[in-house]
>>> print(open('work-v6.cif').read())   # mmCIF, C-alpha atoms
data_my_file
loop_
_atom_site.label_atom_id
_atom_site.label_comp_id
_atom_site.auth_asym_id
_atom_site.auth_seq_id
_atom_site.Cartn_x
_atom_site.Cartn_y
_atom_site.Cartn_z
CA ALA A 6 68.84 -2.28 -21.48
CA ARG A 7 67.88 -5.68 -20.17
CA CYS A 8 66.90 -4.26 -16.77
CA ARG A 9 64.52 -1.76 -18.38
CA GLU A 10 62.80 -4.52 -20.38
CA LEU A 11 62.22 -6.59 -17.21
CA HIS A 12 60.94 -3.51 -15.42
CA LYS A 13 58.60 -2.70 -18.32
CA GLU A 14 57.19 -6.24 -18.35
CA TRP A 15 56.70 -6.10 -14.58
CA CYS A 16 54.87 -2.78 -14.93
CA MET A 17 52.46 -4.30 -17.48
CA VAL A 18 51.71 -7.27 -15.20
CA GLU A 19 51.17 -4.93 -12.25
CA TYR A 20 48.99 -2.69 -14.43
CA TRP A 21 46.72 -5.56 -15.49
CA MET A 22 46.57 -7.00 -11.96
CA THR A 23 45.52 -3.58 -10.65
CA ILE A 24 42.77 -3.25 -13.27
CA ALA A 25 41.51 -6.80 -12.53
CA THR A 26 41.48 -6.06 -8.79
CA TYR A 27 39.55 -2.82 -9.30
CA TYR A 28 37.05 -4.62 -11.51
CA LEU A 29 36.59 -7.46 -9.01
CA GLY A 30 36.17 -4.94 -6.18
CA ALA A 31 33.52 -3.03 -8.13
CA VAL A 32 31.60 -6.24 -8.89
CA LEU A 33 31.71 -7.40 -5.27
CA PHE A 34 30.63 -3.96 -4.05
CA SER A 35 27.67 -3.90 -6.44
CA VAL A 36 26.61 -7.40 -5.29
CA LEU A 37 26.81 -6.26 -1.66
CA VAL A 38 24.75 -3.14 -2.32
CA SER A 39 22.09 -5.07 -4.26
CA ASN A 40 21.79 -7.72 -1.53
CA LEU A 41 21.49 -5.10 1.20
CA SER A 42 18.87 -3.17 -0.73
CA SER A 43 16.81 -6.33 -1.35
CA ILE A 44 16.92 -7.16 2.38
CA ILE A 45 15.77 -3.65 3.27
CA MET A 46 13.02 -3.72 0.66
CA SER A 47 11.68 -7.08 1.84
CA LYS A 48 11.48 -5.76 5.41
CA ASN A 49 9.42 -2.80 4.22
CA ILE A 50 6.92 -4.72 2.06
CA SER A 51 4.54 -5.51 4.91
CA SER A 52 4.62 -1.96 6.26
CA ARG A 53 4.02 -0.61 2.74
CA ASN A 54 0.99 -2.90 2.41
CA PHE A 55 -0.35 -1.52 5.68
CA GLU A 56 0.27 2.07 4.55
CA GLU A 57 -1.47 1.39 1.23
CA ARG A 58 -4.50 -0.04 3.01
CA MET A 59 -4.60 2.94 5.35
CA GLN A 60 -4.32 5.35 2.43
CA ILE A 61 -7.18 3.63 0.57
CA MET A 62 -9.31 3.72 3.71
CA ASN A 63 -8.49 7.40 4.31
CA GLU A 64 -9.42 8.28 0.74
CA TYR A 65 -12.67 6.35 1.08
CA MET A 66 -13.55 8.12 4.34
CA LYS A 67 -12.78 11.53 2.84
CA SER A 68 -14.80 10.83 -0.30
CA ARG A 69 -17.78 9.76 1.84
CA LYS A 70 -17.25 12.77 4.15
CA LEU A 71 -17.42 10.64 7.27
CA PRO A 72 -17.36 12.47 10.62
CA LEU A 73 -13.93 12.83 12.25
CA ASN A 74 -14.78 10.63 15.23
CA ILE A 75 -15.67 7.74 12.89
CA GLN A 76 -12.46 8.30 10.91
CA GLU A 77 -10.42 8.17 14.12
CA ASN A 78 -12.17 4.96 15.17
CA VAL A 79 -11.42 3.36 11.80
CA ARG A 80 -7.74 4.36 12.04
CA GLU A 81 -7.51 3.04 15.58
CA PHE A 82 -9.14 -0.21 14.46
CA PHE A 83 -6.55 -0.60 11.68
CA HIS A 84 -3.72 -0.01 14.14
CA LEU A 85 -5.20 -2.56 16.55
CA THR A 86 -5.73 -5.11 13.82
CA TYR A 87 -2.38 -4.70 12.11
CA LYS A 88 0.78 -4.94 14.16
CA ASP A 89 4.02 -3.74 12.56
CA GLY A 90 2.28 -3.77 9.20
CA GLN A 91 1.55 -7.47 9.36
CA VAL A 92 -1.87 -9.01 9.46
CA PHE A 93 -2.38 -11.41 12.32
CA GLY A 94 -5.44 -13.58 12.15
CA ARG A 95 -7.22 -16.17 10.11
CA ASP A 96 -5.52 -15.33 6.82
CA VAL A 97 -2.13 -16.12 8.33
CA LEU A 98 -3.39 -19.36 9.87
CA ASP A 99 -5.08 -20.44 6.63
CA GLU A 100 -1.66 -21.27 5.19
CA LEU A 101 -0.99 -23.87 7.91
CA THR A 102 -2.13 -27.45 8.16
CA PRO A 103 -5.39 -28.03 10.08
CA GLN A 104 -3.53 -29.71 12.95
CA LEU A 105 -1.09 -26.81 13.37
CA ARG A 106 -3.95 -24.34 13.08
CA ARG A 107 -5.88 -26.12 15.87
CA GLN A 108 -2.82 -26.17 18.11
CA ILE A 109 -2.15 -22.45 17.64
CA VAL A 110 -5.80 -21.48 18.14
CA ALA A 111 -6.00 -23.65 21.27
CA TYR A 112 -2.87 -22.07 22.70
CA ASN A 113 -3.97 -18.51 21.89
CA SER A 114 -7.46 -19.07 23.31
CA LYS A 115 -6.46 -20.88 26.51
CA GLU A 116 -6.60 -17.73 28.65
CA ILE A 117 -10.05 -16.79 27.36
CA LEU A 118 -11.46 -20.24 28.05
CA GLU A 119 -9.99 -20.28 31.55
CA LYS A 120 -11.88 -17.06 32.36
CA VAL A 121 -15.23 -18.61 31.44
CA PRO A 122 -16.32 -20.76 34.43
CA LEU A 123 -18.20 -23.26 32.27
CA PHE A 124 -15.08 -24.11 30.26
CA ALA A 125 -12.54 -23.73 33.06
CA GLU A 126 -14.16 -26.60 34.94
CA CYS A 127 -14.29 -28.92 31.92
CA GLU A 128 -12.62 -32.22 32.51
CA THR A 129 -9.84 -33.40 30.27
CA GLY A 130 -11.81 -36.25 28.70
CA LYS A 131 -11.89 -36.89 24.98
CA VAL A 132 -15.46 -35.65 24.57
CA GLU A 133 -14.76 -32.40 26.43
CA GLN A 134 -11.54 -31.81 24.51
CA ALA A 135 -13.31 -32.47 21.20
CA LEU A 136 -16.06 -30.02 22.18
CA LEU A 137 -13.51 -27.37 23.13
CA ALA A 138 -11.58 -27.98 19.89
CA GLN A 139 -14.77 -27.45 17.87
CA LEU A 140 -15.58 -24.32 19.86
CA LEU A 141 -12.09 -22.94 19.39
CA ALA A 142 -12.17 -23.64 15.67
CA SER A 143 -15.36 -21.61 15.29
CA MET A 144 -14.16 -18.66 17.40
CA GLU A 145 -13.24 -15.45 15.61
CA ASN A 146 -11.16 -12.55 16.86
CA HIS A 147 -12.90 -9.17 16.79
CA HIS A 148 -11.86 -5.81 18.16
CA TYR A 149 -14.44 -3.58 19.80
CA PHE A 150 -14.16 -0.09 21.23
CA GLU A 151 -15.23 0.87 24.69
CA GLY A 152 -18.94 1.65 24.75
CA GLU A 153 -19.60 0.01 21.39
CA VAL A 154 -22.78 -2.08 21.13
CA ILE A 155 -21.76 -5.60 20.21
CA MET A 156 -25.16 -7.27 20.19
CA GLU A 157 -28.66 -6.05 20.92
CA GLU A 158 -31.34 -8.04 22.66
CA GLY A 159 -33.63 -9.84 20.27
CA THR A 160 -31.08 -10.09 17.43
CA THR A 161 -29.30 -13.24 16.31
CA ALA A 162 -25.54 -13.49 16.14
#
>>> encode(input="work-v6.cif", output="structure tokens")
Amino acid sequence: ARCRELHKEWCMVEYWMTIATYYLGAVLFSVLVSNLSSIIMSKNISSRNFEERMQIMNEYMKSRKLPLNIQENVREFFHLTYKDGQVFGRDVLDELTPQLRRQIVAYNSKEILEKVPLFAECETGKVEQALLAQLLASMENHHYFEGEVIMEEGTTA
């Protein structure tokens, strides 16, 4: 009789340990699933923003009954402007300090300035560097299509 009582007590301990282990496993699994889903959702936020902007623009173009070639140009512009659903430009740089912003703009614009003979031959003096820094700070990035008129003679920029 004594052996059965020990066996019965052991069975109850094993029973409760099994239930506790199942419960702990379920909790850990739910934490894992929630963390993975939040990681996936955060990766998709920027692409969803891009898709929302594209959808709003498409609805606008349809409501205004714009010609198809203009609609295609607008879509191409959006795809050129937005890379992987993320906006790259002034709004991203606005969050940085002025010094960091100047450094990034100078680095990104170095190739453009080297192609312009006037700026490529600038000396590395303080005055020239200050002038280039001011010029770079006022530059804006624009996308234009082939054959598009950027500026007409007699108009101001």
>>> closest_residue(input="work-v6.cif", among="A:Gln139, A:Ile44, A:Leu71, A:His147", to="A:Leu85", atoms="all atoms listed in the file")
A:His147
>>> atom_distance(input="work-v6.cif", atom1="atom CA of A:Leu136", atom2="atom CA of A:Thr160")
25.4 Å
>>> closest_residue(input="work-v6.cif", among="A:Val32, A:Met156, A:Val79, A:Leu41", to="A:Tyr65", atoms="only C-alpha atoms")
A:Val79
>>> residues_near_point(input="work-v6.cif", point="(-8.0, -17.7, 24.3)", cutoff="12 Å", atoms="all atoms listed in the file", output="PyMOL selection string")
chain A and resi 108-121+124-125+137-138+140-142+144-146
>>> atom_distance(input="work-v6.cif", atom1="atom CA of A:Met66", atom2="atom CA of A:Arg80")
10.4 Å
>>> atom_distance(input="work-v6.cif", atom1="atom CA of A:Arg58", atom2="atom CA of A:Gln76")
14.0 Å
>>> decode(input="work-v6.cif", residues="stretch 60-73 of chain A", atoms="all heavy atoms", output="mmCIF file, in the first residue's frame")
data_model
loop_
_atom_site.group_PDB
_atom_site.id
_atom_site.type_symbol
_atom_site.label_atom_id
_atom_site.label_comp_id
_atom_site.auth_asym_id
_atom_site.auth_seq_id
_atom_site.Cartn_x
_atom_site.Cartn_y
_atom_site.Cartn_z
ATOM 1 N N GLN A 60 -1.818 55.297 -54.021
ATOM 2 C CA GLN A 60 -3.257 55.098 -54.181
ATOM 3 C C GLN A 60 -3.994 56.441 -54.190
ATOM 4 O O GLN A 60 -4.886 56.660 -55.024
ATOM 5 C CB GLN A 60 -3.799 54.216 -53.065
ATOM 6 C CG GLN A 60 -5.261 53.875 -53.221
ATOM 7 C CD GLN A 60 -5.748 52.936 -52.125
ATOM 8 O OE1 GLN A 60 -5.005 52.581 -51.223
ATOM 9 N NE2 GLN A 60 -6.997 52.552 -52.214
ATOM 10 N N ILE A 61 -3.610 57.345 -53.306
ATOM 11 C CA ILE A 61 -4.236 58.677 -53.276
ATOM 12 C C ILE A 61 -3.980 59.400 -54.588
ATOM 13 O O ILE A 61 -4.892 60.005 -55.170
ATOM 14 C CB ILE A 61 -3.694 59.490 -52.072
ATOM 15 C CG1 ILE A 61 -4.222 58.904 -50.774
ATOM 16 C CG2 ILE A 61 -4.054 60.964 -52.205
ATOM 17 C CD1 ILE A 61 -3.563 59.464 -49.534
ATOM 18 N N MET A 62 -2.741 59.301 -55.086
ATOM 19 C CA MET A 62 -2.411 59.970 -56.343
ATOM 20 C C MET A 62 -3.175 59.342 -57.508
ATOM 21 O O MET A 62 -3.678 60.055 -58.377
ATOM 22 C CB MET A 62 -0.900 59.907 -56.596
ATOM 23 C CG MET A 62 -0.461 60.684 -57.802
ATOM 24 S SD MET A 62 -1.001 62.417 -57.855
ATOM 25 C CE MET A 62 -0.030 63.140 -56.573
ATOM 26 N N ASN A 63 -3.288 58.014 -57.520
ATOM 27 C CA ASN A 63 -4.045 57.351 -58.589
ATOM 28 C C ASN A 63 -5.512 57.752 -58.574
ATOM 29 O O ASN A 63 -6.109 57.999 -59.624
ATOM 30 C CB ASN A 63 -3.909 55.832 -58.470
ATOM 31 C CG ASN A 63 -2.571 55.336 -58.962
ATOM 32 O OD1 ASN A 63 -1.958 55.925 -59.840
ATOM 33 N ND2 ASN A 63 -2.113 54.250 -58.381
ATOM 34 N N GLU A 64 -6.094 57.825 -57.383
ATOM 35 C CA GLU A 64 -7.490 58.250 -57.273
ATOM 36 C C GLU A 64 -7.662 59.690 -57.748
ATOM 37 O O GLU A 64 -8.640 60.017 -58.416
ATOM 38 C CB GLU A 64 -7.979 58.092 -55.837
ATOM 39 C CG GLU A 64 -8.151 56.645 -55.419
ATOM 40 C CD GLU A 64 -8.491 56.495 -53.949
ATOM 41 O OE1 GLU A 64 -8.715 57.512 -53.252
ATOM 42 O OE2 GLU A 64 -8.524 55.334 -53.495
ATOM 43 N N TYR A 65 -6.716 60.539 -57.396
ATOM 44 C CA TYR A 65 -6.775 61.933 -57.836
ATOM 45 C C TYR A 65 -6.712 62.011 -59.359
ATOM 46 O O TYR A 65 -7.486 62.736 -59.985
ATOM 47 C CB TYR A 65 -5.628 62.727 -57.214
ATOM 48 C CG TYR A 65 -5.513 64.133 -57.757
ATOM 49 C CD1 TYR A 65 -6.332 65.150 -57.278
ATOM 50 C CD2 TYR A 65 -4.594 64.436 -58.758
ATOM 51 C CE1 TYR A 65 -6.240 66.437 -57.780
ATOM 52 C CE2 TYR A 65 -4.503 65.719 -59.270
ATOM 53 C CZ TYR A 65 -5.325 66.712 -58.777
ATOM 54 O OH TYR A 65 -5.240 67.974 -59.278
ATOM 55 N N MET A 66 -5.780 61.263 -59.946
ATOM 56 C CA MET A 66 -5.615 61.319 -61.406
ATOM 57 C C MET A 66 -6.853 60.778 -62.122
ATOM 58 O O MET A 66 -7.251 61.303 -63.163
ATOM 59 C CB MET A 66 -4.361 60.535 -61.819
ATOM 60 C CG MET A 66 -3.072 61.204 -61.377
ATOM 61 S SD MET A 66 -1.560 60.435 -61.985
ATOM 62 C CE MET A 66 -1.631 58.806 -61.285
ATOM 63 N N LYS A 67 -7.456 59.733 -61.555
ATOM 64 C CA LYS A 67 -8.675 59.189 -62.172
ATOM 65 C C LYS A 67 -9.836 60.163 -62.045
ATOM 66 O O LYS A 67 -10.617 60.336 -62.977
ATOM 67 C CB LYS A 67 -9.040 57.850 -61.531
ATOM 68 C CG LYS A 67 -8.160 56.723 -61.979
ATOM 69 C CD LYS A 67 -8.564 55.421 -61.314
ATOM 70 C CE LYS A 67 -7.599 54.316 -61.692
ATOM 71 N NZ LYS A 67 -7.879 53.067 -60.987
ATOM 72 N N SER A 68 -9.947 60.804 -60.861
ATOM 73 C CA SER A 68 -11.061 61.739 -60.676
ATOM 74 C C SER A 68 -10.925 62.952 -61.589
ATOM 75 O O SER A 68 -11.921 63.516 -62.022
ATOM 76 C CB SER A 68 -11.157 62.174 -59.211
ATOM 77 O OG SER A 68 -10.074 63.007 -58.870
ATOM 78 N N ARG A 69 -9.699 63.360 -61.893
ATOM 79 C CA ARG A 69 -9.462 64.491 -62.790
ATOM 80 C C ARG A 69 -9.408 64.070 -64.255
ATOM 81 O O ARG A 69 -9.244 64.911 -65.126
ATOM 82 C CB ARG A 69 -8.151 65.203 -62.419
ATOM 83 C CG ARG A 69 -8.113 65.746 -61.035
ATOM 84 C CD ARG A 69 -9.064 66.887 -60.880
ATOM 85 N NE ARG A 69 -8.952 67.399 -59.514
ATOM 86 C CZ ARG A 69 -9.707 68.339 -59.031
ATOM 87 N NH1 ARG A 69 -10.626 68.881 -59.785
ATOM 88 N NH2 ARG A 69 -9.579 68.731 -57.796
ATOM 89 N N LYS A 70 -9.494 62.767 -64.499
ATOM 90 C CA LYS A 70 -9.467 62.195 -65.850
ATOM 91 C C LYS A 70 -8.236 62.671 -66.637
ATOM 92 O O LYS A 70 -8.340 63.123 -67.775
ATOM 93 C CB LYS A 70 -10.757 62.527 -66.599
ATOM 94 C CG LYS A 70 -11.979 61.931 -65.933
ATOM 95 C CD LYS A 70 -13.249 62.292 -66.638
ATOM 96 C CE LYS A 70 -14.417 61.706 -65.852
ATOM 97 N NZ LYS A 70 -15.679 62.227 -66.247
ATOM 98 N N LEU A 71 -7.079 62.535 -65.978
ATOM 99 C CA LEU A 71 -5.833 62.928 -66.631
ATOM 100 C C LEU A 71 -5.489 61.932 -67.731
ATOM 101 O O LEU A 71 -5.804 60.741 -67.622
ATOM 102 C CB LEU A 71 -4.692 62.973 -65.606
ATOM 103 C CG LEU A 71 -4.813 64.036 -64.519
ATOM 104 C CD1 LEU A 71 -3.665 63.912 -63.536
ATOM 105 C CD2 LEU A 71 -4.827 65.422 -65.125
ATOM 106 N N PRO A 72 -4.835 62.378 -68.786
ATOM 107 C CA PRO A 72 -4.433 61.457 -69.858
ATOM 108 C C PRO A 72 -3.472 60.382 -69.331
ATOM 109 O O PRO A 72 -2.753 60.597 -68.361
ATOM 110 C CB PRO A 72 -3.718 62.361 -70.869
ATOM 111 C CG PRO A 72 -4.134 63.740 -70.530
ATOM 112 C CD PRO A 72 -4.492 63.754 -69.090
ATOM 113 N N LEU A 73 -3.462 59.230 -69.969
ATOM 114 C CA LEU A 73 -2.656 58.101 -69.518
ATOM 115 C C LEU A 73 -1.168 58.405 -69.495
ATOM 116 O O LEU A 73 -0.450 57.953 -68.595
ATOM 117 C CB LEU A 73 -2.924 56.872 -70.390
ATOM 118 C CG LEU A 73 -4.290 56.215 -70.194
ATOM 119 C CD1 LEU A 73 -4.459 55.038 -71.152
ATOM 120 C CD2 LEU A 73 -4.458 55.741 -68.766
#
